[in-house]
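What follows is upload-v5.txt (compact mmCIF, C-alpha atoms).
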```
# COMPACT_ATOMS: atom_id res chain seq x y z
CA MET A 1 39.37 -25.04 -42.43
CA ILE A 2 38.09 -21.99 -40.52
CA SER A 3 38.25 -18.71 -42.36
CA LYS A 4 39.61 -15.47 -40.92
CA LYS A 5 36.19 -13.91 -41.38
CA HIS A 6 34.61 -16.61 -39.21
CA ILE A 7 37.25 -16.14 -36.50
CA ARG A 8 36.73 -12.34 -36.49
CA THR A 9 32.95 -12.76 -36.29
CA THR A 10 33.26 -15.24 -33.42
CA ALA A 11 35.72 -13.00 -31.57
CA TRP A 12 33.43 -9.99 -32.08
CA LEU A 13 30.40 -11.90 -30.73
CA CYS A 14 32.40 -13.08 -27.71
CA LEU A 15 33.49 -9.50 -26.98
CA VAL A 16 29.91 -8.21 -27.25
CA ALA A 17 28.65 -11.02 -25.00
CA LEU A 18 31.37 -10.22 -22.45
CA LEU A 19 30.47 -6.52 -22.45
CA VAL A 20 26.74 -7.20 -22.14
CA SER A 21 27.22 -9.61 -19.25
CA ALA A 22 29.57 -7.20 -17.47
CA CYS A 23 27.13 -4.29 -17.65
CA ARG A 24 24.03 -4.93 -15.65
CA ILE A 25 21.32 -2.41 -14.95
CA SER A 26 19.23 -3.07 -11.89
CA TYR A 27 15.85 -1.52 -11.22
CA LYS A 28 14.01 -1.87 -7.95
CA PHE A 29 10.34 -1.01 -8.03
CA ASN A 30 9.42 -1.00 -4.37
CA GLY A 31 7.29 2.10 -4.83
CA ALA A 32 9.18 4.41 -2.51
CA SER A 33 11.02 7.52 -3.64
CA ILE A 34 12.56 8.72 -0.38
CA ASP A 35 15.68 10.81 0.11
CA TYR A 36 17.23 8.71 2.87
CA THR A 37 19.86 11.38 3.57
CA LYS A 38 17.05 13.62 4.93
CA THR A 39 14.39 11.11 5.93
CA LYS A 40 15.39 8.21 8.13
CA THR A 41 12.47 7.55 10.48
CA ILE A 42 8.70 7.18 10.44
CA GLN A 43 6.29 7.48 13.35
CA ILE A 44 3.00 5.63 12.86
CA GLU A 45 0.42 6.52 15.49
CA ASN A 46 -2.44 4.22 16.46
CA PHE A 47 -5.52 4.67 14.28
CA PRO A 48 -8.52 4.27 16.60
CA ILE A 49 -11.97 3.35 15.31
CA ARG A 50 -14.30 6.36 15.35
CA SER A 51 -17.13 4.96 13.23
CA ALA A 52 -20.67 4.22 14.36
CA TYR A 53 -20.33 0.52 13.45
CA VAL A 54 -17.32 -1.13 15.08
CA TRP A 55 -15.69 -4.48 14.40
CA ALA A 56 -12.86 -4.58 16.94
CA PRO A 57 -10.27 -6.63 14.96
CA MET A 58 -10.39 -4.07 12.14
CA GLN A 59 -8.12 -1.66 14.03
CA SER A 60 -5.34 -4.20 14.59
CA ILE A 61 -5.60 -5.53 11.02
CA PHE A 62 -5.24 -1.97 9.72
CA GLN A 63 -2.43 -1.02 12.13
CA ASN A 64 -0.40 -4.15 11.36
CA ARG A 65 -0.75 -3.78 7.59
CA LEU A 66 0.19 -0.07 7.72
CA THR A 67 3.34 -0.67 9.75
CA ASP A 68 4.25 -3.72 7.63
CA ILE A 69 4.03 -1.90 4.29
CA PHE A 70 6.47 0.77 5.45
CA ALA A 71 8.79 -1.81 7.02
CA GLN A 72 8.83 -4.00 3.92
CA GLN A 73 8.98 -1.37 1.19
CA THR A 74 11.23 1.31 2.74
CA ARG A 75 14.40 1.56 4.77
CA LEU A 76 12.73 3.88 7.27
CA HIS A 77 13.15 3.03 10.94
CA GLN A 78 9.89 3.09 12.85
CA VAL A 79 10.00 5.20 16.01
CA ARG A 80 7.50 6.06 18.73
CA ARG A 81 8.27 9.81 18.82
CA GLY A 82 10.03 12.44 16.75
CA GLY A 83 9.76 10.75 13.36
CA ASP A 84 10.87 12.49 10.18
CA LEU A 85 7.54 11.33 8.75
CA VAL A 86 4.45 11.11 10.95
CA LEU A 87 1.22 9.25 10.14
CA ALA A 88 -1.78 9.76 12.39
CA GLY A 89 -5.52 9.46 11.99
CA GLU A 90 -8.56 7.36 12.66
CA ILE A 91 -10.90 4.87 11.03
CA THR A 92 -13.92 7.10 10.49
CA ALA A 93 -16.41 4.86 8.73
CA PHE A 94 -17.27 1.20 8.35
CA ASP A 95 -20.65 0.90 6.70
CA GLN A 96 -22.71 -1.49 4.63
CA TYR A 97 -25.22 -0.58 1.94
CA ASN A 98 -27.67 -2.54 -0.17
CA LYS A 99 -26.13 -2.59 -3.62
CA GLY A 100 -28.52 -4.76 -5.59
CA ILE A 101 -32.14 -5.82 -5.30
CA SER A 102 -33.36 -9.23 -6.46
CA SER A 103 -36.64 -9.84 -8.31
CA ASN A 104 -38.38 -10.69 -5.03
CA GLY A 105 -37.54 -7.25 -3.61
CA TYR A 106 -34.84 -8.34 -1.19
CA SER A 107 -31.22 -7.27 -1.20
CA SER A 108 -29.00 -9.42 -3.42
CA GLN A 109 -25.67 -7.61 -3.04
CA VAL A 110 -24.26 -5.69 -0.11
CA GLN A 111 -21.46 -3.15 -0.39
CA LEU A 112 -19.07 -2.73 2.52
CA LYS A 113 -17.13 0.54 2.75
CA MET A 114 -14.25 1.54 5.00
CA THR A 115 -12.89 5.09 5.32
CA VAL A 116 -9.72 6.21 7.08
CA ASN A 117 -8.78 9.82 7.82
CA VAL A 118 -5.01 10.37 7.62
CA ARG A 119 -2.87 13.26 8.82
CA PHE A 120 0.58 13.10 7.23
CA THR A 121 3.47 15.28 8.38
CA ASN A 122 6.81 15.38 6.60
CA ASN A 123 9.16 17.15 9.01
CA ALA A 124 11.83 17.40 6.29
CA ASN A 125 9.45 19.13 3.85
CA HIS A 126 6.22 20.53 5.30
CA GLN A 127 4.94 21.35 1.80
CA GLU A 128 4.09 17.64 1.52
CA ASP A 129 1.90 17.63 4.67
CA PHE A 130 -1.77 16.76 4.20
CA GLU A 131 -4.94 15.57 5.84
CA ARG A 132 -7.02 13.35 3.57
CA GLN A 133 -9.56 10.54 3.64
CA PHE A 134 -8.90 7.20 1.96
CA SER A 135 -11.69 4.73 1.21
CA ALA A 136 -12.16 1.26 -0.15
CA THR A 137 -15.25 -0.76 -0.95
CA THR A 138 -16.03 -4.39 -1.57
CA GLU A 139 -19.20 -6.36 -2.18
CA TYR A 140 -20.59 -9.64 -0.97
CA ASP A 141 -23.66 -11.73 -1.66
CA ALA A 142 -26.55 -10.81 0.65
CA SER A 143 -27.27 -14.48 1.24
CA GLN A 144 -24.08 -14.60 3.32
CA GLN A 145 -23.82 -13.34 6.86
CA LEU A 146 -21.42 -10.41 7.28
CA THR A 147 -19.77 -12.22 10.19
CA ALA A 148 -18.86 -15.10 7.84
CA VAL A 149 -17.03 -12.88 5.29
CA GLN A 150 -16.09 -9.85 7.37
CA GLU A 151 -12.44 -10.74 8.09
CA GLU A 152 -11.65 -11.48 4.44
CA LEU A 153 -13.43 -8.35 3.18
CA VAL A 154 -11.86 -6.06 5.79
CA THR A 155 -8.42 -7.47 4.97
CA GLN A 156 -8.99 -6.67 1.26
CA MET A 157 -10.13 -3.13 2.02
CA VAL A 158 -7.26 -2.55 4.46
CA LYS A 159 -4.76 -3.64 1.80
CA ASP A 160 -6.29 -1.22 -0.69
CA ILE A 161 -6.34 1.68 1.77
CA THR A 162 -2.80 1.12 3.06
CA ASP A 163 -1.51 0.94 -0.52
CA GLN A 164 -3.27 4.28 -1.20
CA ILE A 165 -1.69 5.80 1.93
CA PHE A 166 1.76 4.48 1.01
CA ASN A 167 1.49 5.90 -2.50
CA ALA A 168 0.24 9.29 -1.26
CA THR A 169 2.98 9.65 1.36
CA VAL A 170 6.23 8.22 0.00
CA ALA A 171 5.73 6.88 -3.53
CA ASN A 172 5.50 10.24 -5.36
CA TRP A 173 4.79 8.54 -8.70
```

Mind turning the file's structure into structure tokens?
Amino acid sequence: MISKKHIRTTAWLCLVALLVSACRISYKFNGASIDYTKTKTIQIENFPIRSAYVWAPMQSIFQNRLTDIFAQQTRLHQVRRGGDLVLAGEITAFDQYNKGISSNGYSSQVQLKMTVNVRFTNNANHQEDFERQFSATTEYDASQQLTAVQEELVTQMVKDITDQIFNATVANW
């Protein structure tokens, strides 16, 4: 025989379970904190290469990743002119440095560094405008030819730099 206490406890648990399942809190961590009532569009200019050392595919890799991050993580519409937000700039440096020396006196590690100058304009709030440089570095073994690892390393640095730009412009964390 089931006691009244057991029935009340079961009923109480069912009520709590119903309330918990009916109330759902949803968080979306896409990184952007944009007031879409004021900011609806973004204009991303081409970022030409202005460094002494040039690897031509670097510009398109950077440009594609920059436009993709804003397309995937915001609801901003990308426009060619008159954007509420405007990103412009240039790739100013792409350099390699000897990072480590082996016991025989030759380079053992090489550091690759990429720097991008960014001019950001927020036409809804000009107090957020800035011009700043963003950099990323990566290393590779000197026994490898740069041409063999360049695409992978540039892609890593571009991801890092575009994440920095995204966070500086629209994340406001």

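Nearest to Ser102 of chain A of all the residues A:Ala142, A:Val170, A:Ile61, A:Ala52 is A:Ala142, based on all atoms listed in the file.
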
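Rounded to one decimal, atom CA of Ile34 of chain A and atom CA of Asn125 of chain A lie 11.7 Å from each other.
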
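Note that atom CA of Asn104 of chain A and atom CA of Gln145 of chain A are 19.0 Å apart.
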
Checklist entry - Could you name the residues that touch segment 84-88 of chain A at 7 Å or less, counting only C-alpha atoms, but leaving out those on the same chain fewer than 4 positions away, as number ranges by chain? => result A: 39-47, 118-124

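Each of A:Gly83, A:Arg65, A:Phe130, A:Ser107 was checked against Gln156 of chain A using only C-alpha atoms; the smallest atom-to-atom distance is that of A:Arg65.
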
Could you write segment 55-74 of chain A as an mmCIF file, keeping the file's coordinate frame, with N, CA and C atoms rebuilt where they are missing?
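Writing the result to selection.cif gives the following:
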```cif
data_model
loop_
_atom_site.group_PDB
_atom_site.id
_atom_site.type_symbol
_atom_site.label_atom_id
_atom_site.label_comp_id
_atom_site.auth_asym_id
_atom_site.auth_seq_id
_atom_site.Cartn_x
_atom_site.Cartn_y
_atom_site.Cartn_z
ATOM 1 N N TRP A 55 -16.128 -3.082 14.351
ATOM 2 C CA TRP A 55 -15.690 -4.480 14.400
ATOM 3 C C TRP A 55 -14.282 -4.423 14.961
ATOM 4 N N ALA A 56 -14.091 -4.800 16.188
ATOM 5 C CA ALA A 56 -12.860 -4.580 16.940
ATOM 6 C C ALA A 56 -11.570 -5.043 16.226
ATOM 7 N N PRO A 57 -11.522 -6.209 15.604
ATOM 8 C CA PRO A 57 -10.270 -6.630 14.960
ATOM 9 C C PRO A 57 -9.819 -5.729 13.806
ATOM 10 N N MET A 58 -10.713 -4.926 13.275
ATOM 11 C CA MET A 58 -10.390 -4.070 12.140
ATOM 12 C C MET A 58 -9.221 -3.135 12.455
ATOM 13 N N GLN A 59 -9.176 -2.596 13.665
ATOM 14 C CA GLN A 59 -8.120 -1.660 14.030
ATOM 15 C C GLN A 59 -6.747 -2.337 14.007
ATOM 16 N N SER A 60 -6.639 -3.528 14.570
ATOM 17 C CA SER A 60 -5.340 -4.200 14.590
ATOM 18 C C SER A 60 -4.938 -4.692 13.197
ATOM 19 N N ILE A 61 -5.902 -5.130 12.397
ATOM 20 C CA ILE A 61 -5.600 -5.530 11.020
ATOM 21 C C ILE A 61 -5.039 -4.338 10.253
ATOM 22 N N PHE A 62 -5.691 -3.187 10.404
ATOM 23 C CA PHE A 62 -5.240 -1.970 9.720
ATOM 24 C C PHE A 62 -3.858 -1.551 10.223
ATOM 25 N N GLN A 63 -3.692 -1.484 11.538
ATOM 26 C CA GLN A 63 -2.430 -1.020 12.130
ATOM 27 C C GLN A 63 -1.263 -1.912 11.703
ATOM 28 N N ASN A 64 -1.470 -3.219 11.737
ATOM 29 C CA ASN A 64 -0.400 -4.150 11.360
ATOM 30 C C ASN A 64 -0.029 -4.012 9.889
ATOM 31 N N ARG A 65 -1.015 -3.904 9.024
ATOM 32 C CA ARG A 65 -0.750 -3.780 7.590
ATOM 33 C C ARG A 65 -0.037 -2.455 7.291
ATOM 34 N N LEU A 66 -0.439 -1.368 7.963
ATOM 35 C CA LEU A 66 0.190 -0.070 7.720
ATOM 36 C C LEU A 66 1.656 -0.078 8.150
ATOM 37 N N THR A 67 1.951 -0.624 9.315
ATOM 38 C CA THR A 67 3.340 -0.670 9.750
ATOM 39 C C THR A 67 4.150 -1.643 8.879
ATOM 40 N N ASP A 68 3.540 -2.744 8.472
ATOM 41 C CA ASP A 68 4.250 -3.720 7.630
ATOM 42 C C ASP A 68 4.624 -3.154 6.269
ATOM 43 N N ILE A 69 3.737 -2.396 5.639
ATOM 44 C CA ILE A 69 4.030 -1.900 4.290
ATOM 45 C C ILE A 69 5.220 -0.949 4.314
ATOM 46 N N PHE A 70 5.326 -0.135 5.358
ATOM 47 C CA PHE A 70 6.470 0.770 5.450
ATOM 48 C C PHE A 70 7.737 0.031 5.839
ATOM 49 N N ALA A 71 7.618 -1.008 6.649
ATOM 50 C CA ALA A 71 8.790 -1.810 7.020
ATOM 51 C C ALA A 71 9.317 -2.616 5.847
ATOM 52 N N GLN A 72 8.419 -3.136 5.014
ATOM 53 C CA GLN A 72 8.830 -4.000 3.920
ATOM 54 C C GLN A 72 9.267 -3.240 2.681
ATOM 55 N N GLN A 73 8.718 -2.051 2.446
ATOM 56 C CA GLN A 73 8.980 -1.370 1.190
ATOM 57 C C GLN A 73 9.838 -0.112 1.334
ATOM 58 N N THR A 74 10.317 0.178 2.549
ATOM 59 C CA THR A 74 11.230 1.310 2.740
ATOM 60 C C THR A 74 12.342 0.890 3.681
#
```
